[in-house]
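I have placed the structure first, in the form of structure tokens, so that the comments after it can refer back to it.
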Amino acid sequence: MYRAQNLECPRCREVMTPFNNIINKRLIKCGACGGNWTTLAEFKDLLHEMSPEYELVLSTAVSGHGELKCPECQVAMVRILVDGLELDQCWDHGVWFDFEELQQALRLV
């Protein structure tokens with residue numbers, strides 16, 4: 001569950017805004033840089049709803065801890081590969097998509 005109040009963007013440190021997208025998946029968006037924060041479960045559900053036969057290929061960390069910190073716990077996120085797309089993930093709280101990375105990930109299906 002999100003603790004959406006006053007979460008700061010890991011990229012630009014602006015306060016992010018929660019919203020439900022058109023297929024009712026919970027995202028938290030940064031209006032300043034365009035990044036998106038969501039749980040891995042919500043991301044997987046979104047991909048499954050778009051294409052039920054699609055199977056997400058998620059690798060382990062590709063380059064250790066990145067420069068970004070989780071907006072929920074402030075621990076450095078790890079860089080992961082999702083079907084070839086490098087993303088930042090907190091193992092406990094969610095996945096960070098920089099501007100247009102969410103759209104790139106959704107085009108994979």
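A note on labels: chains of the structure tokens are A, B, ... as shown, every chain counts residues from 1, and ligands are counted from 1 in their shown order.
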
message: When DSSP is applied to the backbone of this structure, which of segment 20-54 of chain A are assigned strand (DSSP E)? Write them out as a ChimeraX atom specification.
response: /A:20,26-29,36-38

Take the residues just selected and output them with C-alpha atoms as an mmCIF file, in the first residue's frame.
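Final output, saved to result_10.cif:
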data_model
loop_
_atom_site.group_PDB
_atom_site.id
_atom_site.type_symbol
_atom_site.label_atom_id
_atom_site.label_comp_id
_atom_site.auth_asym_id
_atom_site.auth_seq_id
_atom_site.Cartn_x
_atom_site.Cartn_y
_atom_site.Cartn_z
ATOM 1 C CA ASN A 20 -5.334 6.187 -11.222
ATOM 2 C CA ARG A 26 -2.245 3.044 -9.117
ATOM 3 C CA LEU A 27 0.683 5.267 -10.070
ATOM 4 C CA ILE A 28 2.360 8.193 -8.403
ATOM 5 C CA LYS A 29 3.505 10.761 -10.931
ATOM 6 C CA ASN A 36 6.250 7.453 -12.422
ATOM 7 C CA TRP A 37 6.358 5.325 -9.266
ATOM 8 C CA THR A 38 4.357 2.117 -8.789
#

- prompt: Hey, what's within 12 Å of Ser51 of chain A if we count only C-alpha atoms and toss same-chain stuff fewer than 4 positions away? As a PyMOL selection string, please?
  reply: chain A and resi 44-47+55-56+106-109

For the selection you just gave me, I'd like the residues written to a file as a compact mmCIF listing (two decimals), in the first residue's frame, keeping C-alpha atoms.
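Below you can see selection-v8.txt, which holds the result:
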# COMPACT_ATOMS: atom_id res chain seq x y z
CA LYS A 44 2.81 -6.72 -13.70
CA ASP A 45 -1.00 -6.43 -13.48
CA LEU A 46 -0.95 -3.60 -16.02
CA LEU A 47 1.11 -5.65 -18.47
CA GLU A 55 5.36 -12.93 -19.64
CA LEU A 56 7.50 -10.33 -17.91
CA LEU A 106 4.24 -0.82 -22.11
CA ARG A 107 5.29 -1.03 -25.78
CA LEU A 108 7.02 -4.32 -24.95
CA VAL A 109 3.67 -6.09 -24.82

query: Which residues come within 8 Å of Gly66 of chain A, counting only C-alpha atoms, excluding same-chain residues fewer than 6 positions away, as number ranges by chain?
result: A: 76-79, 88

task: Grab the atom CA of Val75 of chain A to atom CA of Leu40 of chain A distance for me, in Å with one decimal place.
output: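 Straight-line distance from atom CA of Val75 of chain A to atom CA of Leu40 of chain A works out to 16.7 Å.
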
- prompt: Where does DSSP see alpha helix (DSSP H) in chain A, if you list the residues as a PyMOL selection string?
  reply: chain A and resi 40-50+101-106

message: Taking 2 positions as the minimum chain separation for residues in the same chain, which residues sit within 10 Å of Cys30 of chain A when counting only C-alpha atoms? Answer as a list in words.
response: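 Everything that qualifies: Leu7, Glu8, Cys9, Pro10, Arg11, Cys12, Arg13, Glu14, Val15, Met16, Thr17, Pro18, Leu27, Ile28, Ala32, Cys33, Gly34, Gly35, Asn36, Trp37, Asp98 and Phe99 of chain A.
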
Next, the residues of the selection above should be written as a PDB file, in the first residue's frame with N, CA and C atoms.
ATOM      1  N   LEU A   7       5.357  12.137  -0.896  1.00  0.00           N
ATOM      2  CA  LEU A   7       6.481  11.374  -1.439  1.00  0.00           C
ATOM      3  C   LEU A   7       7.234  12.269  -2.411  1.00  0.00           C
ATOM      4  N   GLU A   8       8.553  12.331  -2.241  1.00  0.00           N
ATOM      5  CA  GLU A   8       9.376  13.141  -3.129  1.00  0.00           C
ATOM      6  C   GLU A   8       9.865  12.305  -4.296  1.00  0.00           C
ATOM      7  N   CYS A   9       9.911  12.927  -5.447  1.00  0.00           N
ATOM      8  CA  CYS A   9      10.429  12.290  -6.650  1.00  0.00           C
ATOM      9  C   CYS A   9      11.900  11.923  -6.430  1.00  0.00           C
ATOM     10  N   PRO A  10      12.287  10.679  -6.751  1.00  0.00           N
ATOM     11  CA  PRO A  10      13.689  10.305  -6.590  1.00  0.00           C
ATOM     12  C   PRO A  10      14.614  10.999  -7.586  1.00  0.00           C
ATOM     13  N   ARG A  11      14.056  11.505  -8.672  1.00  0.00           N
ATOM     14  CA  ARG A  11      14.874  12.154  -9.693  1.00  0.00           C
ATOM     15  C   ARG A  11      15.062  13.652  -9.405  1.00  0.00           C
ATOM     16  N   CYS A  12      13.972  14.384  -9.157  1.00  0.00           N
ATOM     17  CA  CYS A  12      14.083  15.844  -9.035  1.00  0.00           C
ATOM     18  C   CYS A  12      13.684  16.393  -7.664  1.00  0.00           C
ATOM     19  N   ARG A  13      13.226  15.527  -6.759  1.00  0.00           N
ATOM     20  CA  ARG A  13      12.886  15.860  -5.373  1.00  0.00           C
ATOM     21  C   ARG A  13      11.603  16.669  -5.217  1.00  0.00           C
ATOM     22  N   GLU A  14      10.815  16.849  -6.276  1.00  0.00           N
ATOM     23  CA  GLU A  14       9.515  17.512  -6.168  1.00  0.00           C
ATOM     24  C   GLU A  14       8.508  16.542  -5.565  1.00  0.00           C
ATOM     25  N   VAL A  15       7.462  17.059  -4.942  1.00  0.00           N
ATOM     26  CA  VAL A  15       6.417  16.207  -4.377  1.00  0.00           C
ATOM     27  C   VAL A  15       5.607  15.594  -5.518  1.00  0.00           C
ATOM     28  N   MET A  16       5.367  14.289  -5.437  1.00  0.00           N
ATOM     29  CA  MET A  16       4.636  13.580  -6.491  1.00  0.00           C
ATOM     30  C   MET A  16       3.149  13.508  -6.166  1.00  0.00           C
ATOM     31  N   THR A  17       2.352  13.244  -7.213  1.00  0.00           N
ATOM     32  CA  THR A  17       0.896  13.214  -7.088  1.00  0.00           C
ATOM     33  C   THR A  17       0.366  11.833  -7.452  1.00  0.00           C
ATOM     34  N   PRO A  18      -0.416  11.204  -6.562  1.00  0.00           N
ATOM     35  CA  PRO A  18      -1.015   9.907  -6.903  1.00  0.00           C
ATOM     36  C   PRO A  18      -2.171  10.085  -7.889  1.00  0.00           C
ATOM     37  N   LEU A  27      -0.632   4.704  -9.790  1.00  0.00           N
ATOM     38  CA  LEU A  27       0.683   5.267 -10.070  1.00  0.00           C
ATOM     39  C   LEU A  27       0.836   6.536  -9.260  1.00  0.00           C
ATOM     40  N   ILE A  28       2.071   6.895  -8.993  1.00  0.00           N
ATOM     41  CA  ILE A  28       2.360   8.193  -8.403  1.00  0.00           C
ATOM     42  C   ILE A  28       3.262   8.890  -9.408  1.00  0.00           C
ATOM     43  N   ALA A  32       6.822  17.437 -12.357  1.00  0.00           N
ATOM     44  CA  ALA A  32       7.970  18.238 -12.777  1.00  0.00           C
ATOM     45  C   ALA A  32       8.817  17.518 -13.838  1.00  0.00           C
ATOM     46  N   CYS A  33       9.204  16.264 -13.568  1.00  0.00           N
ATOM     47  CA  CYS A  33      10.095  15.565 -14.505  1.00  0.00           C
ATOM     48  C   CYS A  33       9.383  14.495 -15.330  1.00  0.00           C
ATOM     49  N   GLY A  34       8.129  14.159 -14.971  1.00  0.00           N
ATOM     50  CA  GLY A  34       7.375  13.186 -15.749  1.00  0.00           C
ATOM     51  C   GLY A  34       7.610  11.738 -15.374  1.00  0.00           C
ATOM     52  N   GLY A  35       8.341  11.481 -14.289  1.00  0.00           N
ATOM     53  CA  GLY A  35       8.583  10.112 -13.859  1.00  0.00           C
ATOM     54  C   GLY A  35       7.357   9.508 -13.186  1.00  0.00           C
ATOM     55  N   ASN A  36       7.365   8.180 -13.036  1.00  0.00           N
ATOM     56  CA  ASN A  36       6.250   7.453 -12.422  1.00  0.00           C
ATOM     57  C   ASN A  36       6.767   6.436 -11.426  1.00  0.00           C
ATOM     58  N   TRP A  37       6.036   6.281 -10.317  1.00  0.00           N
ATOM     59  CA  TRP A  37       6.358   5.325  -9.266  1.00  0.00           C
ATOM     60  C   TRP A  37       5.163   4.394  -9.085  1.00  0.00           C
ATOM     61  N   ASP A  98      11.640   6.616 -15.208  1.00  0.00           N
ATOM     62  CA  ASP A  98      11.939   7.975 -15.636  1.00  0.00           C
ATOM     63  C   ASP A  98      10.995   8.350 -16.767  1.00  0.00           C
ATOM     64  N   PHE A  99      11.001   9.633 -17.134  1.00  0.00           N
ATOM     65  CA  PHE A  99      10.145  10.141 -18.205  1.00  0.00           C
ATOM     66  C   PHE A  99      10.207   9.220 -19.423  1.00  0.00           C
TER      67      PHE A  99
END

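Our summary of the geometry notes that atom CA of Phe43 of chain A is positioned 22.0 Å from atom CA of Glu67 of chain A.
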